[in-house]
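Structure data follow from run_9.csv (CSV, C-alpha atoms and all ligand atoms):
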```csv
chain,number,residue,atom,x,y,z
A,461,LEU,CA,-107.3,5.3,29.0
A,462,LYS,CA,-109.8,6.5,31.5
A,463,GLN,CA,-111.9,4.9,34.1
A,464,PRO,CA,-114.6,3.9,34.3
A,465,THR,CA,-114.0,1.3,31.7
A,466,PRO,CA,-114.7,-2.4,31.8
A,467,ALA,CA,-113.0,-3.6,35.0
A,468,PRO,CA,-110.6,-6.5,34.8
A,469,ALA,CA,-112.7,-9.6,34.2
A,470,LYS,CA,-114.4,-10.4,37.5
A,471,PRO,CA,-111.6,-9.1,39.8
A,472,TRP,CA,-111.5,-11.1,43.0
A,473,TRP,CA,-111.5,-7.9,45.1
A,474,ARG,CA,-114.8,-6.5,43.8
A,475,ALA,CA,-116.9,-9.0,45.7
A,476,ARG,CA,-114.6,-8.7,48.8
A,477,ALA,CA,-114.4,-4.9,49.0
A,478,GLN,CA,-116.1,-4.6,52.4
A,479,ARG,CA,-113.9,-7.4,53.8
A,480,LEU,CA,-110.8,-5.7,52.5
A,481,LEU,CA,-111.9,-2.4,54.0
A,482,ASP,CA,-112.8,-3.9,57.4
A,483,GLN,CA,-109.8,-6.3,57.8
A,484,HIS,CA,-107.0,-4.9,55.7
A,485,ALA,CA,-107.3,-1.2,55.1
A,486,GLY,CA,-106.4,-0.3,58.7
A,487,GLU,CA,-102.7,0.1,58.2
A,488,THR,CA,-101.4,0.9,54.8
A,489,PRO,CA,-99.6,0.7,52.4
A,490,ARG,CA,-100.5,-3.0,52.3
A,491,TYR,CA,-100.4,-5.7,49.7
A,492,VAL,CA,-103.1,-8.4,49.9
A,493,TYR,CA,-102.7,-11.6,47.9
A,494,HIS,CA,-105.7,-13.7,47.0
A,495,LEU,CA,-104.5,-17.3,47.1
A,496,PRO,CA,-107.4,-18.8,45.1
A,497,THR,CA,-106.4,-16.6,42.2
A,498,VAL,CA,-102.8,-17.9,42.3
A,499,ARG,CA,-104.2,-21.5,42.5
A,500,GLN,CA,-106.4,-20.9,39.4
A,501,ARG,CA,-103.5,-19.6,37.3
A,502,ALA,CA,-101.2,-22.4,38.5
A,503,GLU,CA,-103.9,-25.0,37.6
A,504,GLU,CA,-104.2,-23.5,34.1
A,505,LEU,CA,-100.6,-24.0,33.5
A,506,ARG,CA,-100.7,-27.5,35.0
A,507,ALA,CA,-103.4,-28.4,32.5
A,508,ILE,CA,-101.0,-27.8,29.6
A,509,GLU,CA,-99.8,-31.3,28.9
A,510,ALA,CA,-96.9,-30.4,26.7
A,511,ILE,CA,-95.1,-28.9,29.7
A,512,ASP,CA,-93.0,-31.4,31.6
A,513,ARG,CA,-91.9,-29.2,34.5
A,514,ARG,CA,-92.9,-25.9,35.8
A,515,PHE,CA,-90.6,-23.7,37.9
A,516,TYR,CA,-92.1,-20.6,39.5
A,517,ALA,CA,-89.8,-17.5,39.1
A,518,ILE,CA,-89.9,-16.4,42.8
A,519,LYS,CA,-88.5,-13.0,42.0
A,520,ALA,CA,-92.0,-12.0,41.0
A,521,ASN,CA,-93.3,-12.6,44.6
A,522,PRO,CA,-91.5,-14.7,47.2
A,523,HIS,CA,-94.2,-14.7,49.8
A,524,PRO,CA,-94.0,-18.0,51.7
A,525,ARG,CA,-97.7,-18.8,51.5
A,526,ILE,CA,-97.5,-18.4,47.7
A,527,LEU,CA,-94.5,-20.7,47.6
A,528,ALA,CA,-96.2,-23.3,49.7
A,529,GLU,CA,-99.3,-23.2,47.5
A,530,LEU,CA,-97.2,-23.7,44.4
A,531,GLU,CA,-95.1,-26.5,46.0
A,532,ARG,CA,-98.3,-28.3,46.7
A,533,LEU,CA,-99.3,-28.0,43.0
A,534,GLY,CA,-96.0,-29.6,42.0
A,535,TYR,CA,-94.1,-26.5,40.9
A,536,GLY,CA,-90.3,-26.2,41.2
A,537,PHE,CA,-88.7,-22.8,41.9
A,538,GLU,CA,-86.5,-20.7,39.7
A,539,CYS,CA,-84.0,-18.6,41.7
A,540,VAL,CA,-81.5,-16.0,40.7
A,541,SER,CA,-79.5,-15.5,43.8
A,542,LEU,CA,-78.3,-17.4,46.8
A,543,GLY,CA,-80.7,-15.3,48.9
A,544,GLU,CA,-83.6,-16.6,46.8
A,545,LEU,CA,-82.4,-20.2,47.1
A,546,GLN,CA,-82.1,-19.9,50.9
A,547,HIS,CA,-85.5,-18.3,51.1
A,548,VAL,CA,-87.1,-21.2,49.3
A,549,GLN,CA,-85.3,-23.7,51.5
A,550,GLN,CA,-86.4,-21.9,54.6
A,551,ALA,CA,-90.0,-21.6,53.5
A,552,LEU,CA,-90.2,-25.2,52.2
A,553,PRO,CA,-87.8,-27.3,54.2
A,554,GLU,CA,-89.1,-30.6,52.7
A,555,LEU,CA,-88.5,-29.5,49.1
A,556,ALA,CA,-86.2,-31.8,47.1
A,557,ALA,CA,-83.2,-30.1,45.6
A,558,ASP,CA,-84.1,-31.1,42.1
A,559,ARG,CA,-87.0,-28.7,42.3
A,560,LEU,CA,-84.6,-25.8,42.5
A,561,LEU,CA,-83.3,-24.1,39.4
A,562,PHE,CA,-80.5,-21.5,39.7
A,563,THR,CA,-80.4,-19.0,36.8
A,564,PRO,CA,-78.2,-16.2,37.9
A,565,SER,CA,-76.7,-13.3,36.0
A,566,PHE,CA,-73.2,-12.0,36.8
A,567,ALA,CA,-73.4,-13.6,40.3
A,568,PRO,CA,-70.3,-14.1,42.5
A,569,VAL,CA,-68.9,-17.6,41.8
A,570,ALA,CA,-69.5,-18.6,45.4
A,571,GLU,CA,-73.2,-18.5,44.7
A,572,TYR,CA,-72.8,-21.0,41.8
A,573,GLN,CA,-70.7,-23.2,44.1
A,574,ALA,CA,-73.3,-23.1,46.9
A,575,ALA,CA,-76.1,-23.9,44.4
A,576,LEU,CA,-74.2,-26.9,43.0
A,577,GLN,CA,-73.6,-28.1,46.5
A,578,LEU,CA,-77.3,-27.9,47.3
A,579,GLY,CA,-78.0,-30.1,44.3
A,580,ALA,CA,-80.0,-27.4,42.4
A,581,PHE,CA,-80.0,-27.3,38.6
A,582,VAL,CA,-77.5,-24.6,37.6
A,583,THR,CA,-77.4,-22.4,34.5
A,584,ILE,CA,-74.3,-20.8,33.1
A,585,ASP,CA,-74.1,-18.4,30.2
A,586,ASN,CA,-70.5,-17.6,29.5
A,587,ILE,CA,-67.1,-19.2,28.9
A,588,GLU,CA,-65.3,-16.9,31.3
A,589,LEU,CA,-66.8,-18.7,34.3
A,590,LEU,CA,-65.3,-22.0,33.1
A,591,GLN,CA,-61.9,-20.4,32.3
A,592,ARG,CA,-61.6,-18.6,35.6
A,593,TRP,CA,-63.0,-21.1,37.9
A,594,PRO,CA,-62.6,-24.5,36.2
A,595,GLU,CA,-62.6,-26.5,39.5
A,596,VAL,CA,-66.0,-25.2,40.5
A,597,PHE,CA,-67.6,-26.5,37.4
A,598,ARG,CA,-65.5,-29.6,36.5
A,599,ALA,CA,-67.6,-32.7,35.8
A,600,GLN,CA,-70.9,-30.9,36.7
A,601,ARG,CA,-74.2,-31.3,34.8
A,602,LEU,CA,-75.2,-27.8,33.8
A,603,LEU,CA,-77.8,-25.8,31.8
A,604,LEU,CA,-76.7,-23.3,29.2
A,605,ARG,CA,-78.5,-20.1,28.8
A,606,ILE,CA,-78.7,-19.0,25.1
A,607,ASP,CA,-79.4,-15.6,23.7
A,608,PRO,CA,-81.2,-16.2,20.5
A,609,GLY,CA,-80.3,-12.7,19.4
A,610,PHE,CA,-83.6,-10.9,20.0
A,611,GLY,CA,-85.6,-9.8,23.0
A,612,GLN,CA,-89.2,-9.1,23.7
A,613,GLY,CA,-91.4,-7.7,26.4
A,614,HIS,CA,-93.5,-4.9,27.7
A,615,HIS,CA,-90.6,-2.4,28.1
A,616,GLU,CA,-87.0,-2.2,26.9
A,617,LYS,CA,-85.8,-2.6,30.5
A,618,VAL,CA,-87.2,-6.1,30.7
A,619,ARG,CA,-86.0,-7.5,27.3
A,620,THR,CA,-83.3,-9.9,28.0
A,621,GLY,CA,-82.1,-11.0,24.5
A,622,GLY,CA,-80.1,-9.2,21.9
A,623,ARG,CA,-76.9,-7.2,21.9
A,624,GLU,CA,-77.8,-4.7,24.5
A,625,ALA,CA,-78.9,-7.3,27.0
A,626,LYS,CA,-76.3,-8.8,29.4
A,627,PHE,CA,-77.8,-12.3,29.4
A,628,GLY,CA,-77.1,-15.4,27.5
A,629,LEU,CA,-74.5,-16.9,25.2
A,630,THR,CA,-74.6,-16.0,21.5
A,631,MET,CA,-74.5,-18.5,18.7
A,632,GLU,CA,-70.9,-17.4,17.8
A,633,ASP,CA,-69.7,-18.1,21.3
A,634,LEU,CA,-71.4,-21.5,21.6
A,635,PRO,CA,-68.7,-23.7,20.0
A,636,GLY,CA,-66.0,-22.3,22.2
A,637,LEU,CA,-68.0,-22.9,25.3
A,638,LEU,CA,-68.9,-26.4,24.3
A,639,ASP,CA,-65.2,-27.2,23.8
A,640,ALA,CA,-64.3,-25.7,27.2
A,641,ALA,CA,-67.1,-27.7,28.8
A,642,GLN,CA,-66.0,-30.9,27.2
A,643,ALA,CA,-62.4,-30.4,28.3
A,644,LEU,CA,-63.7,-30.1,31.9
A,645,GLY,CA,-65.9,-33.2,31.6
A,646,ILE,CA,-69.0,-31.0,31.9
A,647,GLN,CA,-72.3,-32.4,30.6
A,648,ILE,CA,-74.7,-29.9,29.1
A,649,ILE,CA,-78.0,-31.4,30.1
A,650,GLY,CA,-80.3,-28.5,29.5
A,651,LEU,CA,-80.7,-25.4,27.3
A,652,HIS,CA,-82.4,-22.3,28.6
A,653,ALA,CA,-83.7,-19.1,27.1
A,654,HIS,CA,-85.7,-16.3,28.7
A,655,ILE,CA,-85.8,-13.3,26.4
A,656,GLY,CA,-88.2,-11.0,28.2
A,657,SER,CA,-91.2,-10.4,30.4
A,658,GLY,CA,-94.8,-9.4,29.6
A,659,ILE,CA,-95.0,-11.2,26.2
A,660,THR,CA,-98.4,-11.7,24.8
A,661,GLU,CA,-97.8,-13.5,21.5
A,662,ALA,CA,-97.5,-17.3,21.5
A,663,ALA,CA,-95.5,-17.2,18.3
A,664,HIS,CA,-92.6,-16.0,20.4
A,665,TRP,CA,-92.1,-19.3,22.2
A,666,ARG,CA,-92.3,-21.3,19.0
A,667,GLU,CA,-89.4,-19.3,17.6
A,668,VAL,CA,-87.3,-19.5,20.8
A,669,TYR,CA,-87.9,-23.2,21.3
A,670,ALA,CA,-87.2,-24.1,17.7
A,671,ARG,CA,-83.9,-22.4,18.0
A,672,LEU,CA,-83.0,-24.1,21.2
A,673,ALA,CA,-84.1,-27.5,20.0
A,674,SER,CA,-82.0,-27.3,16.9
A,675,ILE,CA,-79.0,-26.4,19.1
A,676,ALA,CA,-79.8,-29.2,21.5
A,677,ASP,CA,-79.8,-31.7,18.5
A,678,SER,CA,-76.3,-30.6,17.7
A,679,ILE,CA,-75.0,-31.0,21.3
A,680,GLY,CA,-76.4,-34.5,21.9
A,681,SER,CA,-76.3,-34.6,25.7
A,682,VAL,CA,-79.3,-32.3,26.2
A,683,GLU,CA,-82.3,-33.8,28.1
A,684,PHE,CA,-84.5,-30.7,28.6
A,685,VAL,CA,-85.2,-27.4,27.0
A,686,ASP,CA,-86.4,-24.5,29.2
A,687,VAL,CA,-88.2,-21.8,27.4
A,688,GLY,CA,-88.3,-19.4,30.3
A,689,GLY,CA,-91.2,-17.3,31.6
A,690,GLY,CA,-92.5,-14.1,30.2
A,691,LEU,CA,-96.2,-14.8,29.9
A,692,GLY,CA,-98.0,-11.5,29.9
A,693,VAL,CA,-100.9,-10.2,31.9
A,694,ALA,CA,-103.6,-7.7,30.7
A,695,TYR,CA,-103.1,-4.8,33.0
A,696,GLU,CA,-105.1,-2.2,31.1
A,697,PRO,CA,-108.8,-2.3,30.6
A,698,GLY,CA,-109.6,-3.6,27.1
A,699,ALA,CA,-106.2,-5.3,26.7
A,700,ASP,CA,-106.4,-8.8,25.4
A,701,PRO,CA,-105.9,-11.4,28.1
A,702,PHE,CA,-102.9,-13.7,27.7
A,703,ASP,CA,-103.5,-16.1,24.8
A,704,LEU,CA,-103.3,-19.2,26.9
A,705,GLU,CA,-104.8,-21.5,24.2
A,706,GLY,CA,-102.3,-20.2,21.6
A,707,TYR,CA,-99.5,-20.8,24.1
A,708,ALA,CA,-100.6,-24.3,24.8
A,709,ALA,CA,-101.0,-25.0,21.1
A,710,ALA,CA,-97.5,-23.7,20.4
A,711,LEU,CA,-96.0,-25.8,23.1
A,712,ALA,CA,-97.9,-28.9,22.0
A,713,GLU,CA,-96.7,-28.4,18.4
A,714,LEU,CA,-93.1,-28.1,19.7
A,715,LYS,CA,-93.4,-31.1,21.9
A,716,GLN,CA,-94.6,-33.0,18.9
A,717,ASN,CA,-91.6,-32.0,16.8
A,718,TRP,CA,-89.1,-32.6,19.5
A,719,PRO,CA,-90.6,-35.4,21.7
A,720,HIS,CA,-87.2,-36.4,23.0
A,721,TYR,CA,-86.7,-33.3,25.1
A,722,GLN,CA,-88.5,-32.5,28.3
A,723,LEU,CA,-90.1,-29.1,28.1
A,724,TRP,CA,-89.6,-26.8,31.0
A,725,VAL,CA,-91.1,-23.3,31.7
A,726,GLU,CA,-90.5,-20.7,34.5
A,727,PRO,CA,-93.4,-18.3,34.7
A,728,GLY,CA,-93.5,-15.6,37.4
A,729,ARG,CA,-95.9,-12.7,36.6
A,730,TYR,CA,-98.6,-14.9,35.1
A,731,LEU,CA,-99.1,-16.8,38.4
A,732,VAL,CA,-99.3,-13.9,40.8
A,733,ALA,CA,-99.9,-10.5,39.2
A,734,GLU,CA,-103.7,-10.6,39.4
A,735,SER,CA,-103.7,-12.1,42.9
A,736,GLY,CA,-102.3,-9.0,44.4
A,737,ALA,CA,-104.1,-5.7,45.3
A,738,LEU,CA,-102.2,-2.8,46.9
A,739,LEU,CA,-104.2,-0.9,49.4
A,740,ALA,CA,-103.3,2.7,50.2
A,741,THR,CA,-104.8,5.5,52.2
A,742,VAL,CA,-105.5,9.0,50.7
A,743,THR,CA,-103.3,11.5,52.5
A,744,GLN,CA,-104.1,14.8,50.7
A,745,VAL,CA,-106.1,16.0,47.7
A,746,VAL,CA,-104.6,19.1,46.1
A,747,SER,CA,-105.2,21.2,43.0
A,748,LYS,CA,-102.3,23.0,41.4
A,749,ALA,CA,-102.3,24.9,38.1
A,750,GLY,CA,-105.4,23.0,36.9
A,751,VAL,CA,-104.1,19.5,37.8
A,752,ARG,CA,-105.9,17.7,40.6
A,753,ARG,CA,-103.8,15.3,42.6
A,754,VAL,CA,-104.9,12.6,44.9
A,755,GLY,CA,-101.9,11.8,47.2
A,756,ILE,CA,-101.7,8.4,48.9
A,757,ASP,CA,-99.3,6.7,51.4
A,758,ALA,CA,-98.1,4.3,48.7
A,759,GLY,CA,-95.6,5.6,46.1
A,760,MET,CA,-92.7,4.5,44.0
A,761,HIS,CA,-91.1,3.1,47.1
A,762,THR,CA,-94.1,0.7,47.4
A,763,LEU,CA,-94.8,-0.1,43.7
A,764,LEU,CA,-92.0,0.9,41.4
A,765,ARG,CA,-93.4,-0.3,38.2
A,766,PRO,CA,-95.2,2.9,37.0
A,767,ALA,CA,-92.1,5.0,37.7
A,768,LEU,CA,-89.6,2.5,36.2
A,769,TYR,CA,-91.5,1.2,33.2
A,770,GLY,CA,-94.4,3.7,32.8
A,771,ALA,CA,-96.5,0.7,33.8
A,772,TRP,CA,-100.3,1.0,33.9
A,773,HIS,CA,-102.2,-0.2,37.0
A,774,TRP,CA,-105.9,-0.1,37.6
A,775,VAL,CA,-106.8,2.3,40.5
A,776,GLN,CA,-110.1,2.3,42.2
A,777,ASN,CA,-111.5,4.1,45.3
A,778,LEU,CA,-112.4,1.1,47.4
A,779,SER,CA,-114.3,3.3,49.9
A,780,ARG,CA,-116.5,4.7,47.1
A,781,LEU,CA,-116.8,1.9,44.6
A,782,ASP,CA,-120.3,2.7,43.5
A,783,GLU,CA,-120.0,6.5,43.4
A,784,ALA,CA,-119.9,8.4,40.1
A,785,VAL,CA,-116.5,9.4,38.9
A,786,ASP,CA,-115.5,13.0,38.2
A,787,GLY,CA,-112.8,14.8,36.2
A,788,GLU,CA,-109.3,13.4,35.9
A,789,VAL,CA,-106.7,13.2,38.7
A,790,ASP,CA,-103.1,12.1,39.1
A,791,VAL,CA,-102.5,9.6,41.8
A,792,VAL,CA,-99.2,10.4,43.5
A,793,GLY,CA,-97.1,9.1,46.3
A,794,PRO,CA,-95.2,10.8,49.1
A,795,ILE,CA,-91.7,10.5,47.7
A,796,CYS,CA,-89.7,13.6,46.9
A,797,GLU,CA,-89.4,12.9,43.2
A,798,THR,CA,-91.4,14.2,40.3
A,799,GLY,CA,-91.6,10.6,38.9
A,800,ASP,CA,-93.6,9.5,42.0
A,801,VAL,CA,-96.8,9.1,40.1
A,802,LEU,CA,-98.7,5.8,40.3
A,803,ALA,CA,-101.4,6.7,37.8
A,804,ARG,CA,-101.9,9.6,35.5
A,805,ARG,CA,-105.1,11.2,34.4
A,806,ARG,CA,-107.6,8.8,36.0
A,807,ARG,CA,-111.2,9.3,36.9
A,808,LEU,CA,-112.0,8.8,40.6
A,809,PRO,CA,-115.1,9.8,42.6
A,810,ALA,CA,-115.4,13.5,43.1
A,811,ALA,CA,-115.9,13.0,46.8
A,812,THR,CA,-112.5,11.3,47.2
A,813,VAL,CA,-111.0,12.7,50.5
A,814,PRO,CA,-108.1,12.0,52.9
A,815,GLY,CA,-108.8,8.7,54.7
A,816,ASP,CA,-110.3,6.9,51.7
A,817,CYS,CA,-108.8,3.6,50.7
A,818,LEU,CA,-107.5,3.3,47.2
A,819,LEU,CA,-106.9,-0.1,45.6
A,820,ILE,CA,-104.2,-0.6,43.0
A,821,ALA,CA,-104.9,-3.8,41.0
A,822,HIS,CA,-102.7,-6.5,39.5
A,823,ALA,CA,-99.9,-5.6,41.8
A,824,GLY,CA,-99.0,-9.2,42.9
A,825,ALA,CA,-96.0,-9.5,40.6
A,826,TYR,CA,-92.9,-7.4,41.0
A,827,GLY,CA,-94.7,-5.2,43.6
A,828,ALA,CA,-93.7,-5.7,47.3
A,829,VAL,CA,-90.5,-7.5,46.3
A,830,MET,CA,-89.3,-4.3,44.5
A,831,ALA,CA,-90.3,-2.0,47.3
A,832,SER,CA,-87.6,0.0,49.1
A,833,ARG,CA,-87.1,2.3,52.1
A,834,TYR,CA,-86.4,5.3,49.9
A,835,ASN,CA,-86.9,8.5,51.8
A,836,LEU,CA,-86.8,6.2,54.9
A,837,ARG,CA,-90.4,5.3,54.5
A,838,GLU,CA,-91.6,1.9,55.8
A,839,LEU,CA,-91.8,-1.2,53.7
A,840,PRO,CA,-95.4,-2.2,52.8
A,841,ILE,CA,-97.3,-4.8,54.9
A,842,GLU,CA,-98.2,-8.1,53.1
A,843,ASP,CA,-101.3,-10.1,53.8
A,844,VAL,CA,-102.8,-13.2,52.4
A,845,LEU,CA,-106.5,-13.9,51.7
A,846,ASP,CA,-107.8,-17.4,51.3
A,847,ASP,CA,-111.4,-18.1,50.8
B,901,LIG,N1,-86.9,-16.6,34.1
B,901,LIG,C1,-85.9,-15.7,34.1
B,901,LIG,C2,-84.5,-16.2,33.9
B,901,LIG,C3,-86.2,-14.4,34.4
B,901,LIG,O1,-85.2,-13.5,34.4
B,901,LIG,C4,-87.5,-14.0,34.6
B,901,LIG,C5,-87.9,-12.6,34.9
B,901,LIG,C6,-88.5,-15.0,34.7
B,901,LIG,C7,-88.2,-16.3,34.4
B,901,LIG,C8,-90.0,-14.7,34.9
B,901,LIG,O2,-90.5,-13.8,34.0
B,901,LIG,P1,-92.1,-13.5,34.0
B,901,LIG,O3,-92.8,-14.8,33.7
B,901,LIG,O4,-92.4,-13.0,35.4
B,901,LIG,O5,-92.3,-12.5,32.9
B,901,LIG,N2,-89.7,-6.2,37.1
B,901,LIG,C9,-90.3,-6.3,35.8
B,901,LIG,C10,-90.1,-7.8,35.3
B,901,LIG,C11,-88.7,-8.3,35.3
B,901,LIG,C12,-88.6,-9.7,35.0
B,901,LIG,C13,-87.2,-10.3,35.3
B,901,LIG,N3,-87.0,-11.6,34.9
B,901,LIG,C14,-91.7,-5.9,35.8
B,901,LIG,O6,-92.2,-5.5,36.8
B,901,LIG,O7,-92.4,-5.9,34.8
```
For this file, write the structure as structure tokens.
Ligand code: LLP
Amino acid sequence: LKQPTPAPAKPWWRARAQRLLDQHAGETPRYVYHLPTVRQRAEELRAIEAIDRRFYAIKANPHPRILAELERLGYGFECVSLGELQHVQQALPELAADRLLFTPSFAPVAEYQAALQLGAFVTIDNIELLQRWPEVFRAQRLLLRIDPGFGQGHHEKVRTGGREAKFGLTMEDLPGLLDAAQALGIQIIGLHAHIGSGITEAAHWREVYARLASIADSIGSVEFVDVGGGLGVAYEPGADPFDLEGYAAALAELKQNWPHYQLWVEPGRYLVAESGALLATVTQVVSKAGVRRVGIDAGMHTLLRPALYGAWHWVQNLSRLDEAVDGEVDVVGPICETGDVLARRRRLPAATVPGDCLLIAHAGAYGAVMASRYNLRELPIEDVLDD
């Protein structure tokens, strides 16, 4: 896919290009998060009546201003480490513990213990935890993470269901775990599944929920069913936007079929991806063996998604928004790896020169939080923009 193509539907940064250049492009690489966009997405999900509780998966972007905004809108917070739990508590000291959901994977048992002590909802997904540390879990009220046997998502590395994924309890292992739980006086009050990230088809949730609900019926003590996150975002021009109506309709139908369970969701990406723009400064422009490369001060250490998943992100020269574009270039970072390419074969203005500011769009989810100091480069700066 080449630029120019239809830009993402009315991106917030288009009308604010000059402000971004004046106020934010000074020191780069820099992520800028547009809070009204987060609010808009959060309100959309709030409008889906079938959903009883929404937990934001903070792994997508734990910026305190984003957490505060979502707290105000009634969201809880899904955390996968003690570090994330403590981060939320620090950012939101008034938050009630029942707005915390702990959904770890292969975490040290001390983290489960700490989460239980805090009063968070805690999810387990294997019997070994109960066998090895029965006293930690005795008489607790817990959620159970189920692997429905299949995964979905934008890349194999983010599919969290099925045999090759480390998450969740299989159907075969369920009876054994329920026996062990009963022997310890544990009450299974919730069922949970999250089988992948970047899912665009609403049918997926119907299938997962139907499976969870039928298991819940057989357990008896279940009060809520958590169908995870995974809502996709249209990164590429021309890609269909997430089918929010289909999602709402699927959840409404499920709620109608199983009105006795509370329906929980835990979206990450959907709430924050479009709110984030990554600003970077052009360092060098070099042609080699017929390939022209625009080098910038952001790379795989700033935004890992292209290198890790081959993810596609919109790239625009913010300093030359209205100039005609020329032949194709690769947009590369300063890291000493061949995979340090943020965008391949894109069309940028011919006059692009060192000092220009490039904008990489839809970078608000799994961007800054996955950055590293590889090659001992600095971590990106993060700013918030609120109209
Ligand atoms: N719940 C659980 C248990 C999860 O593991 C995740 C994401 C979510 C909710 C939120 O999923 P979302 O709504 O954001 O799809 N780094 C990858 C994505 C990894 C997702 C990990 N788990 C990426 O950049 O695409």
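What separates CA of Ala502 (chain A) from CA of Leu839 (chain A) is a distance of 27.7 Å.
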Under the rule of at most 12 Å, produce a per-residue listing of region 640-744 of chain A near region 524-529 of chain A: chain, number, name, the closest pair of atoms, and the distance in Å, as JSON lines, using only C-alpha atoms.
```
{"residue": "A:Gly728", "atom": "CA", "partner": "A:Ile526", "partner_atom": "CA", "distance": 11.4}
{"residue": "A:Leu731", "atom": "CA", "partner": "A:Ile526", "partner_atom": "CA", "distance": 9.6}
{"residue": "A:Val732", "atom": "CA", "partner": "A:Ile526", "partner_atom": "CA", "distance": 8.4}
{"residue": "A:Ala733", "atom": "CA", "partner": "A:Ile526", "partner_atom": "CA", "distance": 11.8}
{"residue": "A:Ser735", "atom": "CA", "partner": "A:Ile526", "partner_atom": "CA", "distance": 10.1}
{"residue": "A:Gly736", "atom": "CA", "partner": "A:Ile526", "partner_atom": "CA", "distance": 11.1}
```
Ligand LIG 901 (chain B) neighbours within 9 Å using only C-alpha atoms and all ligand atoms, as a CSV table (one decimal) with C-alpha atoms, in the coordinates of the input:
```
chain,number,residue,atom,x,y,z
A,515,PHE,CA,-90.6,-23.7,37.9
A,516,TYR,CA,-92.1,-20.6,39.5
A,517,ALA,CA,-89.8,-17.5,39.1
A,518,ILE,CA,-89.9,-16.4,42.8
A,519,LYS,CA,-88.5,-13.0,42.0
A,520,ALA,CA,-92.0,-12.0,41.0
A,538,GLU,CA,-86.5,-20.7,39.7
A,539,CYS,CA,-84.0,-18.6,41.7
A,540,VAL,CA,-81.5,-16.0,40.7
A,562,PHE,CA,-80.5,-21.5,39.7
A,563,THR,CA,-80.4,-19.0,36.8
A,564,PRO,CA,-78.2,-16.2,37.9
A,565,SER,CA,-76.7,-13.3,36.0
A,605,ARG,CA,-78.5,-20.1,28.8
A,613,GLY,CA,-91.4,-7.7,26.4
A,614,HIS,CA,-93.5,-4.9,27.7
A,615,HIS,CA,-90.6,-2.4,28.1
A,617,LYS,CA,-85.8,-2.6,30.5
A,618,VAL,CA,-87.2,-6.1,30.7
A,619,ARG,CA,-86.0,-7.5,27.3
A,620,THR,CA,-83.3,-9.9,28.0
A,627,PHE,CA,-77.8,-12.3,29.4
A,652,HIS,CA,-82.4,-22.3,28.6
A,653,ALA,CA,-83.7,-19.1,27.1
A,654,HIS,CA,-85.7,-16.3,28.7
A,655,ILE,CA,-85.8,-13.3,26.4
A,656,GLY,CA,-88.2,-11.0,28.2
A,657,SER,CA,-91.2,-10.4,30.4
A,658,GLY,CA,-94.8,-9.4,29.6
A,659,ILE,CA,-95.0,-11.2,26.2
A,687,VAL,CA,-88.2,-21.8,27.4
A,688,GLY,CA,-88.3,-19.4,30.3
A,689,GLY,CA,-91.2,-17.3,31.6
A,690,GLY,CA,-92.5,-14.1,30.2
A,691,LEU,CA,-96.2,-14.8,29.9
A,692,GLY,CA,-98.0,-11.5,29.9
A,693,VAL,CA,-100.9,-10.2,31.9
A,725,VAL,CA,-91.1,-23.3,31.7
A,726,GLU,CA,-90.5,-20.7,34.5
A,727,PRO,CA,-93.4,-18.3,34.7
A,728,GLY,CA,-93.5,-15.6,37.4
A,729,ARG,CA,-95.9,-12.7,36.6
A,730,TYR,CA,-98.6,-14.9,35.1
A,731,LEU,CA,-99.1,-16.8,38.4
A,732,VAL,CA,-99.3,-13.9,40.8
A,733,ALA,CA,-99.9,-10.5,39.2
A,764,LEU,CA,-92.0,0.9,41.4
A,765,ARG,CA,-93.4,-0.3,38.2
A,766,PRO,CA,-95.2,2.9,37.0
A,768,LEU,CA,-89.6,2.5,36.2
A,769,TYR,CA,-91.5,1.2,33.2
A,771,ALA,CA,-96.5,0.7,33.8
A,825,ALA,CA,-96.0,-9.5,40.6
A,826,TYR,CA,-92.9,-7.4,41.0
A,827,GLY,CA,-94.7,-5.2,43.6
A,830,MET,CA,-89.3,-4.3,44.5
```
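Between CA of His494 (chain A) and CA of Asp757 (chain A) there is a distance of 21.8 Å.
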Using all atoms listed in the file, the shortest atom-to-atom distance to Tyr572 (chain A) among A:Trp718, A:Ala810, A:Trp593, A:Thr743 belongs to A:Trp593
So that I can see what lies close to Ala670 (chain A), please list as a ChimeraX atom specification the residues with an atom at most 12 Å from it, counting all atoms listed in the file and leaving out residues fewer than 2 positions away in the same chain.
/A:608,651,653,663-668,672-677,685-687,710-711,713-718,721,723
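Between CA of Ala599 (chain A) and CA of Arg559 (chain A) lies a distance of 20.8 Å.
Using all atoms listed in the file, the shortest contact distance between Gly579 (chain A) and any of A:Glu595, A:Val775, A:Leu561, A:Ile648 is found at A:Leu561.
For Leu602 (chain A), the non-local neighbours within 8 Å, defined as residues at least 4 positions apart in the same chain or in other chains and counting all atoms listed in the file, are Phe581, Val582, Thr583, Ile584, Ile646, Gln647, Ile648, Ile649 and Gly650 of chain A.
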